[in-house]
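Undergrad: Just so it is clear, I am handing over coords-v8.cif, which has mmCIF, C-alpha atoms and all ligand atoms.
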data_target
loop_
_atom_site.label_atom_id
_atom_site.label_comp_id
_atom_site.auth_asym_id
_atom_site.auth_seq_id
_atom_site.Cartn_x
_atom_site.Cartn_y
_atom_site.Cartn_z
CA MET A 1 175.48 131.78 160.66
CA VAL A 2 178.62 133.81 161.23
CA THR A 3 181.89 132.10 162.21
CA GLY A 4 184.36 133.92 164.41
CA ALA A 5 181.53 136.23 165.50
CA GLY A 6 182.66 136.63 169.11
CA GLY A 7 184.74 139.73 168.30
CA GLY A 8 186.20 141.96 165.63
CA ILE A 9 184.60 142.06 162.18
CA GLY A 10 182.48 138.94 162.82
CA ARG A 11 180.78 140.46 165.86
CA ASP A 12 179.67 143.42 163.73
CA PHE A 13 178.42 141.03 161.05
CA ALA A 14 176.28 139.24 163.64
CA LEU A 15 174.90 142.48 165.09
CA ALA A 16 174.16 143.96 161.64
CA MET A 17 172.52 140.76 160.33
CA ALA A 18 170.32 140.67 163.45
CA ALA A 19 169.46 144.36 163.05
CA ALA A 20 168.40 143.56 159.46
CA GLY A 21 165.97 140.95 160.79
CA ALA A 22 168.00 137.74 160.65
CA ARG A 23 168.17 135.09 163.34
CA VAL A 24 171.87 134.52 163.94
CA LEU A 25 174.00 131.60 165.03
CA VAL A 26 177.00 133.28 166.64
CA ASN A 27 179.93 130.88 166.27
CA ASP A 28 183.28 131.45 167.97
CA ILE A 29 185.73 129.29 169.90
CA GLY A 30 187.01 132.36 171.70
CA THR A 31 190.68 131.88 170.94
CA SER A 32 193.71 134.17 170.76
CA VAL A 33 194.89 135.79 167.53
CA LYS A 34 197.34 132.88 167.21
CA GLY A 35 194.58 130.34 167.83
CA GLU A 36 195.73 129.36 171.31
CA GLY A 37 193.19 128.62 174.06
CA ARG A 38 189.38 128.54 174.04
CA ASP A 39 186.70 130.57 175.79
CA ALA A 40 182.94 130.19 175.41
CA GLY A 41 182.48 133.76 176.66
CA PRO A 42 182.82 135.85 173.48
CA ALA A 43 180.21 133.93 171.42
CA GLN A 44 177.74 133.95 174.33
CA LYS A 45 178.31 137.64 174.98
CA VAL A 46 177.47 138.59 171.38
CA ALA A 47 174.44 136.26 171.39
CA ASP A 48 173.25 137.90 174.64
CA GLU A 49 173.77 141.34 173.11
CA ILE A 50 171.47 140.38 170.20
CA GLY A 51 168.90 138.72 172.45
CA LYS A 52 166.23 136.18 171.55
CA ASN A 53 167.13 136.01 167.86
CA ALA A 54 170.64 134.69 168.48
CA VAL A 55 172.17 131.42 169.63
CA ALA A 56 175.82 130.95 170.58
CA ASN A 57 177.94 128.06 169.34
CA THR A 58 181.55 127.21 170.22
CA ASP A 59 182.45 124.44 167.75
CA SER A 60 185.63 124.94 165.73
CA VAL A 61 185.48 125.50 161.98
CA ALA A 62 188.83 123.75 161.60
CA ASP A 63 187.51 120.19 161.73
CA TRP A 64 184.95 118.44 159.52
CA GLU A 65 182.81 116.97 162.34
CA SER A 66 182.69 120.13 164.41
CA ALA A 67 182.01 122.29 161.32
CA ASN A 68 178.99 120.07 160.66
CA ARG A 69 177.85 120.64 164.25
CA ILE A 70 177.90 124.42 163.63
CA ILE A 71 175.53 124.14 160.67
CA GLN A 72 173.37 121.59 162.51
CA ALA A 73 173.13 123.96 165.49
CA ALA A 74 171.76 126.68 163.19
CA VAL A 75 169.24 124.28 161.64
CA ASP A 76 168.23 122.97 165.08
CA ALA A 77 167.76 126.49 166.44
CA PHE A 78 166.04 128.14 163.49
CA GLY A 79 164.69 125.30 161.32
CA ARG A 80 166.75 126.36 158.28
CA ILE A 81 169.94 128.09 157.19
CA ASP A 82 170.10 130.82 154.55
CA VAL A 83 173.46 132.55 154.93
CA VAL A 84 176.95 131.32 155.80
CA VAL A 85 179.63 133.88 156.62
CA ASN A 86 183.11 132.32 156.79
CA ASN A 87 184.90 134.84 158.95
CA ALA A 88 186.81 132.90 161.63
CA GLY A 89 190.55 133.39 161.44
CA ILE A 90 193.93 133.24 163.12
CA LEU A 91 197.45 134.43 162.29
CA ARG A 92 200.82 132.71 162.64
CA ASP A 93 203.04 135.21 160.84
CA ARG A 94 206.63 134.18 160.11
CA PHE A 95 209.01 134.70 157.22
CA PHE A 96 208.70 131.82 154.80
CA PHE A 97 212.24 130.55 155.39
CA ASN A 98 211.48 130.14 159.12
CA MET A 99 207.85 128.97 158.92
CA SER A 100 207.19 125.65 160.64
CA VAL A 101 204.89 122.96 159.31
CA GLU A 102 202.75 123.53 162.43
CA GLU A 103 202.37 127.25 161.62
CA TRP A 104 201.48 126.43 158.03
CA ARG A 105 198.90 123.79 159.00
CA ALA A 106 197.21 125.78 161.78
CA VAL A 107 196.45 128.69 159.45
CA ILE A 108 195.40 126.54 156.48
CA ASP A 109 193.15 124.51 158.80
CA VAL A 110 191.18 127.48 160.15
CA HIS A 111 190.96 129.60 156.99
CA LEU A 112 191.00 127.35 153.92
CA ASN A 113 189.94 123.99 155.35
CA GLY A 114 187.52 125.64 157.78
CA SER A 115 185.84 127.60 154.98
CA PHE A 116 185.50 124.38 152.97
CA TYR A 117 184.15 122.33 155.90
CA VAL A 118 181.55 124.90 156.93
CA SER A 119 180.52 125.66 153.34
CA ARG A 120 180.28 122.00 152.43
CA ALA A 121 178.20 121.21 155.51
CA ALA A 122 175.74 123.98 154.56
CA ALA A 123 175.70 122.99 150.87
CA THR A 124 173.48 119.99 151.56
CA HIS A 125 170.79 122.30 152.98
CA PHE A 126 171.27 124.97 150.31
CA LYS A 127 170.93 122.40 147.52
CA ALA A 128 167.79 120.88 149.03
CA GLN A 129 166.08 124.24 149.53
CA GLN A 130 167.40 125.64 146.22
CA SER A 131 168.64 128.82 147.83
CA GLY A 132 171.48 130.08 149.97
CA CYS A 133 174.33 132.53 150.16
CA TYR A 134 177.98 132.40 151.16
CA VAL A 135 180.16 135.34 152.16
CA HIS A 136 183.84 134.46 152.69
CA MET A 137 186.60 136.64 154.11
CA THR A 138 189.63 136.81 151.87
CA SER A 139 192.52 139.28 152.21
CA THR A 140 194.68 141.53 150.10
CA SER A 141 197.58 139.65 151.73
CA GLY A 142 196.59 136.82 149.37
CA LEU A 143 195.08 138.82 146.49
CA VAL A 144 198.06 141.20 146.31
CA GLY A 145 200.76 139.99 148.72
CA ASN A 146 202.36 140.64 152.08
CA LEU A 147 205.57 139.84 153.92
CA GLY A 148 205.77 137.05 156.47
CA GLN A 149 202.35 135.57 155.69
CA ALA A 150 202.90 132.65 153.28
CA ASN A 151 200.44 130.46 155.22
CA TYR A 152 197.77 133.15 155.50
CA SER A 153 198.19 134.48 151.93
CA ALA A 154 197.97 130.99 150.44
CA ALA A 155 194.86 130.24 152.51
CA LYS A 156 193.17 133.53 151.61
CA LEU A 157 193.83 133.25 147.87
CA GLY A 158 192.61 129.66 148.14
CA ILE A 159 189.38 130.96 149.67
CA ALA A 160 188.86 133.24 146.66
CA ALA A 161 189.11 130.17 144.40
CA LEU A 162 186.84 128.18 146.70
CA SER A 163 184.24 130.94 146.52
CA LYS A 164 184.40 131.08 142.72
CA SER A 165 184.09 127.29 142.52
CA ILE A 166 181.05 127.29 144.81
CA ALA A 167 179.50 130.11 142.76
CA LEU A 168 179.97 128.06 139.56
CA ASP A 169 178.92 124.68 140.98
CA MET A 170 175.87 125.92 142.87
CA ALA A 171 174.45 128.56 140.51
CA ARG A 172 172.01 125.87 139.27
CA TYR A 173 170.59 125.70 142.82
CA ASN A 174 170.19 129.46 143.14
CA VAL A 175 173.11 129.62 145.58
CA ARG A 176 175.52 132.58 145.52
CA SER A 177 179.07 132.94 146.80
CA ASN A 178 181.13 136.12 147.15
CA CYS A 179 184.29 137.27 148.95
CA ILE A 180 185.10 140.35 150.99
CA ALA A 181 188.68 141.45 151.64
CA PRO A 182 188.27 143.64 154.70
CA PHE A 183 190.62 146.28 156.09
CA ALA A 184 189.69 146.83 159.73
CA TRP A 185 191.21 147.96 162.98
CA SER A 186 190.69 144.74 164.93
CA ARG A 187 192.97 142.96 167.40
CA MET A 188 194.36 141.12 164.36
CA ILE A 189 196.22 144.21 163.17
CA GLY A 190 196.20 145.96 166.56
CA SER A 191 199.72 144.82 167.39
CA ILE A 192 201.40 147.41 165.12
CA PRO A 193 204.10 149.19 167.21
CA THR A 194 203.33 152.78 168.30
CA GLU A 195 206.69 153.98 169.60
CA THR A 196 207.56 156.85 167.27
CA GLU A 197 205.34 159.86 166.49
CA ASP A 198 205.05 158.68 162.86
CA GLN A 199 203.89 155.26 164.00
CA LYS A 200 201.36 156.83 166.37
CA ALA A 201 199.98 159.04 163.57
CA ARG A 202 199.72 156.04 161.24
CA VAL A 203 197.84 153.99 163.80
CA GLU A 204 195.38 156.86 164.41
CA LYS A 205 194.57 156.80 160.67
CA LEU A 206 194.20 153.03 160.70
CA LYS A 207 191.66 153.31 163.52
CA ALA A 208 189.30 154.96 161.00
CA MET A 209 188.98 151.49 159.49
CA GLU A 210 186.25 150.49 161.92
CA THR A 211 185.19 146.85 161.98
CA ALA A 212 181.52 147.92 161.71
CA LYS A 213 182.23 149.47 158.26
CA ILE A 214 182.52 146.00 156.70
CA ALA A 215 179.08 144.79 157.81
CA PRO A 216 176.75 146.70 155.43
CA LEU A 217 178.24 144.96 152.38
CA ALA A 218 177.88 141.53 154.03
CA VAL A 219 174.25 142.27 154.91
CA TYR A 220 173.57 143.45 151.34
CA LEU A 221 175.23 140.34 149.83
CA ALA A 222 173.14 138.15 152.14
CA SER A 223 169.90 139.81 151.05
CA GLU A 224 167.52 139.02 148.19
CA ASP A 225 168.57 142.34 146.62
CA ALA A 226 171.89 140.71 145.73
CA HIS A 227 170.21 137.82 143.84
CA ASP A 228 172.34 138.50 140.75
CA VAL A 229 175.67 139.09 142.53
CA SER A 230 177.87 135.99 142.68
CA GLY A 231 181.50 135.01 142.12
CA GLN A 232 182.76 138.50 142.96
CA ILE A 233 185.56 139.75 145.22
CA PHE A 234 185.01 143.03 147.04
CA ALA A 235 187.28 144.95 149.38
CA VAL A 236 186.10 147.35 152.08
CA ARG A 237 188.24 149.91 153.90
CA ALA A 238 186.47 152.49 156.08
CA ASN A 239 184.18 154.35 153.64
CA GLU A 240 185.63 152.85 150.44
CA ILE A 241 184.25 149.78 148.67
CA PHE A 242 186.32 148.20 145.88
CA LEU A 243 185.53 145.61 143.25
CA MET A 244 188.75 143.59 142.98
CA SER A 245 190.08 142.25 139.68
CA GLN A 246 190.27 138.54 138.94
CA SER A 247 193.05 136.88 136.99
CA ARG A 248 192.83 137.08 133.18
CA PRO A 249 195.51 136.88 130.44
CA LEU A 250 197.19 140.25 130.08
CA ARG A 251 199.14 139.77 126.90
CA SER A 252 200.22 136.83 124.74
CA VAL A 253 203.01 136.11 122.30
CA HIS A 254 202.91 133.47 119.59
CA ARG A 255 205.43 131.85 117.27
CA SER A 256 204.05 129.41 114.73
CA GLU A 257 207.22 127.30 114.85
CA GLY A 258 207.10 127.03 118.67
CA TRP A 259 209.51 128.29 121.33
CA THR A 260 213.03 127.50 122.45
CA PRO A 261 214.58 128.76 125.69
CA ASP A 262 216.60 131.14 123.55
CA SER A 263 213.67 132.61 121.61
CA ILE A 264 211.78 132.95 124.91
CA ARG A 265 214.75 134.96 126.20
CA THR A 266 215.05 137.16 123.12
CA GLN A 267 211.39 137.58 122.12
CA ALA A 268 208.76 136.34 124.57
CA ILE A 269 210.14 137.82 127.78
CA PRO A 270 210.98 141.26 126.32
CA ALA A 271 207.44 141.44 124.89
CA LEU A 272 205.82 140.36 128.15
CA ARG A 273 208.10 142.20 130.56
CA ALA A 274 206.30 145.52 130.19
CA HIS A 275 203.31 143.81 131.84
CA PHE A 276 205.16 142.09 134.70
CA TYR A 277 203.80 142.82 138.15
CA PRO A 278 206.20 144.45 140.59
CA LEU A 279 206.82 142.62 143.88
CA GLU A 280 204.20 144.74 145.62
CA ARG A 281 202.58 144.25 149.00
CA SER A 282 199.01 145.19 149.83
CA GLN A 283 200.13 148.50 151.36
CA ASP A 284 201.98 149.46 148.13
CA VAL A 285 198.76 149.07 146.14
CA PHE A 286 196.48 150.62 148.79
CA SER A 287 198.96 153.45 149.20
CA TRP A 288 196.60 156.22 150.37
CA ASP A 289 195.15 156.68 153.83
CA PRO A 290 191.71 155.19 154.53
CA LEU A 291 188.94 157.62 153.61
P1 LIG B 1 189.64 138.68 165.11
O1 LIG B 1 190.85 137.96 165.61
O2 LIG B 1 189.15 139.86 165.88
O3 LIG B 1 188.42 137.67 164.94
C1 LIG B 1 188.56 136.34 164.50
C2 LIG B 1 187.66 135.47 165.34
O4 LIG B 1 187.72 134.12 164.85
C3 LIG B 1 188.06 135.43 166.82
O5 LIG B 1 186.96 135.84 167.63
C4 LIG B 1 188.45 133.97 167.04
O6 LIG B 1 188.14 133.49 168.35
C5 LIG B 1 187.66 133.25 165.97
N1 LIG B 1 188.23 131.94 165.60
C6 LIG B 1 189.53 131.63 165.42
N2 LIG B 1 189.67 130.33 165.13
C7 LIG B 1 188.41 129.79 165.12
C8 LIG B 1 187.90 128.49 164.86
N3 LIG B 1 188.71 127.46 164.58
N4 LIG B 1 186.55 128.32 164.90
C9 LIG B 1 185.71 129.34 165.20
N5 LIG B 1 186.15 130.60 165.47
C10 LIG B 1 187.48 130.81 165.41
O7 LIG B 1 189.99 139.10 163.60
P2 LIG B 1 189.21 140.03 162.54
O8 LIG B 1 190.15 141.11 162.15
O9 LIG B 1 187.85 140.37 163.00
O10 LIG B 1 189.16 139.03 161.28
C11 LIG B 1 187.96 138.48 160.75
C12 LIG B 1 188.27 137.90 159.38
O11 LIG B 1 188.66 138.95 158.48
C13 LIG B 1 189.40 136.87 159.36
O12 LIG B 1 189.08 135.85 158.45
C14 LIG B 1 190.57 137.66 158.86
O13 LIG B 1 191.55 136.84 158.25
C15 LIG B 1 189.89 138.59 157.87
N6 LIG B 1 190.68 139.78 157.56
C16 LIG B 1 190.83 140.79 158.47
C17 LIG B 1 191.56 141.91 158.14
C18 LIG B 1 191.67 143.07 159.06
O14 LIG B 1 192.15 144.14 158.62
N7 LIG B 1 191.25 142.98 160.30
C19 LIG B 1 192.26 142.02 156.86
C20 LIG B 1 192.02 140.93 155.95
C21 LIG B 1 191.25 139.86 156.32
#
Before we go any further, please render this structure as structure tokens.
TA:
Amino acid sequence: MVTGAGGGIGRDFALAMAAAGARVLVNDIGTSVKGEGRDAGPAQKVADEIGKNAVANTDSVADWESANRIIQAAVDAFGRIDVVVNNAGILRDRFFFNMSVEEWRAVIDVHLNGSFYVSRAAATHFKAQQSGCYVHMTSTSGLVGNLGQANYSAAKLGIAALSKSIALDMARYNVRSNCIAPFAWSRMIGSIPTETEDQKARVEKLKAMETAKIAPLAVYLASEDAHDVSGQIFAVRANEIFLMSQSRPLRSVHRSEGWTPDSIRTQAIPALRAHFYPLERSQDVFSWDPL
């Protein structure tokens, strides 16, 4: 079952899973990048492209009841569910100081709440059958940072924690959970301006980040071959695959008599400062062109 599979990265997941022999529930509400409007066309089109091994579904991930209907549709169609790919997404970019509660909620609802609802609905089946696999889409906007995306970054880093929690809680049932942070030239990033020659050249390089390049890792993670891969965060950009770090203590300082604000100022912070992270965005860390 792939959410948001009517276009972009999700469509390639659905096609690649089907090519690898899976029967696929193609879920998508067919909405705009901002999550406005609905169209049953995209999910049906991808299901038609796959043929008899696919069924389309247009229930939203962003609501508990409808997320349950997505999983039920897969079980009704195929008799079981083995893989959940949480890929559906929208953007409502705005600088934090201007972000409305509506913009915050809409993004949290689709990404973080949606990933929980869909995962939780499938968990009942995974637990009963003692097997199953989750693949969630996170983003370097959350893992590293980006401007104007407080809602999206918070949701995406939340998804990384959700995935780790599922991996821990469900290991006893032989259920795995991993994240992919994709970089792909989809409509989601297709709105970058192309007025100057520099901008045009940059966009040409970004187009190398084809959506189909993300799918092989998702298919691998969904397969039996990945039986010992869980709780990890990968990134994929064109022909590069990265294993992303996860938060660990970098350095500690200790005073047996305890700390005061003043000794923190004079001792702790100077000792720790060498390890501070700069205020970097994703593009500062992934500073070279896609390969
Ligand atoms: P996209 O906009 O092409 O595809 C997202 C799909 O999700 C759309 O077809 C949309 O109709 C569907 N969708 C939206 N709300 C839904 C809902 N409530 N229920 C069901 N379906 C819904 O975007 P793209 O680029 O393919 O993104 C896929 C995933 O990858 C998203 O989670 C996105 O945040 C993530 N991602 C993408 C990056 C990129 O470079 N394209 C970078 C980092 C993360």
Undergrad: Within 12 Å of Ala19 (chain A), counting all atoms listed in the file, which residues qualify if same-chain residues fewer than 2 places away don't, as a list in words?
TA: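 Near neighbours after the sequence-gap exclusion: Asp12, Phe13, Ala14, Leu15, Ala16, Met17, Gly21, Ala22, Arg23, Val24, Glu49, Ile50, Gly51, Asn53, Ala54, Ala215, Pro216 and Val219 of chain A.
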Undergrad: Within 6 Å of ligand LIG 1 (chain B), counting only C-alpha atoms and all ligand atoms, which protein or nucleic acid residues do you find, written as a VMD selection string?
TA: chain A and resid 3 to 10 28 to 31 33 35 60 to 62 87 to 90 110 137 to 139 181 to 189
Undergrad: Those selected residues, please, written with C-alpha atoms and delivered as a tab-separated table (two decimals), in the frame of the given file.
TA:
chain	number	residue	atom	x	y	z
A	3	THR	CA	181.89	132.10	162.21
A	4	GLY	CA	184.36	133.92	164.41
A	5	ALA	CA	181.53	136.23	165.50
A	6	GLY	CA	182.66	136.63	169.11
A	7	GLY	CA	184.74	139.73	168.30
A	8	GLY	CA	186.20	141.96	165.63
A	9	ILE	CA	184.60	142.06	162.18
A	10	GLY	CA	182.48	138.94	162.82
A	28	ASP	CA	183.28	131.45	167.97
A	29	ILE	CA	185.73	129.29	169.90
A	30	GLY	CA	187.01	132.36	171.70
A	31	THR	CA	190.68	131.88	170.94
A	33	VAL	CA	194.89	135.79	167.53
A	35	GLY	CA	194.58	130.34	167.83
A	60	SER	CA	185.63	124.94	165.73
A	61	VAL	CA	185.48	125.50	161.98
A	62	ALA	CA	188.83	123.75	161.60
A	87	ASN	CA	184.90	134.84	158.95
A	88	ALA	CA	186.81	132.90	161.63
A	89	GLY	CA	190.55	133.39	161.44
A	90	ILE	CA	193.93	133.24	163.12
A	110	VAL	CA	191.18	127.48	160.15
A	137	MET	CA	186.60	136.64	154.11
A	138	THR	CA	189.63	136.81	151.87
A	139	SER	CA	192.52	139.28	152.21
A	181	ALA	CA	188.68	141.45	151.64
A	182	PRO	CA	188.27	143.64	154.70
A	183	PHE	CA	190.62	146.28	156.09
A	184	ALA	CA	189.69	146.83	159.73
A	185	TRP	CA	191.21	147.96	162.98
A	186	SER	CA	190.69	144.74	164.93
A	187	ARG	CA	192.97	142.96	167.40
A	188	MET	CA	194.36	141.12	164.36
A	189	ILE	CA	196.22	144.21	163.17
Undergrad: How far is it from CA of Gln246 (chain A) to CA of Leu157 (chain A), in Å with one decimal?
TA: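 Taking CA of Gln246 (chain A) as the start and CA of Leu157 (chain A) as the end point, the length is 11.0 Å.
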Undergrad: Nearest residue to Val285 (chain A) out of A:Thr260, A:Phe95, A:Lys207, A:Ser141, using all atoms listed in the file?
TA: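 Distance minimum relative to Val285 (chain A) lands on A:Ser141.
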Undergrad: Any idea what's packed within 7 Å of region 84-86 of chain A, counting all atoms listed in the file, ignoring anything in its chain fewer than 4 positions away? Could you give it as a short mmCIF file (atom, residue, chain, number, x, y, z; two decimals) with C-alpha atoms, in the coordinates of the input?
TA:
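Generated output (selection_5.cif):
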data_model
loop_
_atom_site.label_atom_id
_atom_site.label_comp_id
_atom_site.auth_asym_id
_atom_site.auth_seq_id
_atom_site.Cartn_x
_atom_site.Cartn_y
_atom_site.Cartn_z
CA MET A 1 175.48 131.78 160.66
CA VAL A 2 178.62 133.81 161.23
CA THR A 3 181.89 132.10 162.21
CA SER A 115 185.84 127.60 154.98
CA CYS A 133 174.33 132.53 150.16
CA TYR A 134 177.98 132.40 151.16
CA VAL A 135 180.16 135.34 152.16
CA HIS A 136 183.84 134.46 152.69
CA MET A 137 186.60 136.64 154.11
#
Undergrad: With distances taken over all atoms listed in the file, which residue among A:Gln232, A:Thr211, A:Ser177, A:Asn98 lies nearest Gly148 (chain A)?
TA: A:Asn98
Undergrad: Separation of CA of Ala155 (chain A) and CA of Ile108 (chain A), in Å?
TA: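 Computing the Euclidean distance for CA of Ala155 (chain A) and CA of Ile108 (chain A) yields 5.5 Å.
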Undergrad: Using only C-alpha atoms, can you tell me which of A:Gly37, A:Gly145, A:Pro249, A:Gly158 comes closest to Phe286 (chain A)?
TA: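 That would be A:Gly145, the residue with the smallest distance to Phe286 (chain A).
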Undergrad: Give the answer as one residue: which of A:Asn151, A:Ser165, A:Ser245, A:Thr124 has the shortest atom-to-atom distance to Ile81 (chain A), using all atoms listed in the file?
TA: A:Thr124
Undergrad: Near Trp64 (chain A), counting only C-alpha atoms, which residues have an atom at most 12 Å away, once you skip same-chain residues fewer than 3 positions from it, shown as a CSV table (one decimal) with C-alpha atoms, in the coordinates of the input?
TA:
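To be explicit, this is the file written out as out-v2.csv:
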chain,number,residue,atom,x,y,z
A,59,ASP,CA,182.4,124.4,167.8
A,60,SER,CA,185.6,124.9,165.7
A,61,VAL,CA,185.5,125.5,162.0
A,67,ALA,CA,182.0,122.3,161.3
A,68,ASN,CA,179.0,120.1,160.7
A,69,ARG,CA,177.8,120.6,164.2
A,70,ILE,CA,177.9,124.4,163.6
A,71,ILE,CA,175.5,124.1,160.7
A,109,ASP,CA,193.2,124.5,158.8
A,110,VAL,CA,191.2,127.5,160.2
A,113,ASN,CA,189.9,124.0,155.4
A,114,GLY,CA,187.5,125.6,157.8
A,115,SER,CA,185.8,127.6,155.0
A,116,PHE,CA,185.5,124.4,153.0
A,117,TYR,CA,184.2,122.3,155.9
A,118,VAL,CA,181.6,124.9,156.9
A,119,SER,CA,180.5,125.7,153.3
A,120,ARG,CA,180.3,122.0,152.4
A,121,ALA,CA,178.2,121.2,155.5
A,122,ALA,CA,175.7,124.0,154.6
Undergrad: CA of Ser247 (chain A) and CA of Tyr277 (chain A), how far apart in Å?
TA: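 Atom-to-atom, CA of Tyr277 (chain A) and CA of Ser247 (chain A) are spaced 12.3 Å apart.
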Undergrad: Restricting the calculation to only C-alpha atoms: of A:Glu257, A:Leu143, A:Trp288, A:Arg176, which residue gets closest to Ala235 (chain A)?
TA: A:Leu143
Undergrad: Would you please work out which residue, of A:Leu206, A:Ala167, A:Ala128, A:Ile241, is nearest to Ile180 (chain A) when using only C-alpha atoms?
TA: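 Ranking A:Leu206, A:Ala167, A:Ala128, A:Ile241 by distance to Ile180 (chain A), first place goes to A:Ile241.
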Undergrad: Would you list the contacts of His125 (chain A) as a list in words, taking every protein, DNA or RNA residue within 10 Å and counting all atoms listed in the file, but skipping same-chain residues closer than 5 positions in sequence?
TA: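 Surrounding residues, per the criterion: Ile71, Gln72, Val75, Arg80, Ile81, Asp82, Arg120, Gln130, Ser131 and Gly132 of chain A.
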Undergrad: Quick one: residues within 10 Å of Trp104 (chain A), all atoms listed in the file, excluding same-chain residues fewer than 4 positions away - as a list in words?
TA: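 Selected residues are Leu91, Arg92, Asp93, Arg94, Phe96, Met99, Ser100, Ile108, Asp109, Gln149, Ala150, Asn151, Tyr152, Ala154 and Ala155 of chain A.
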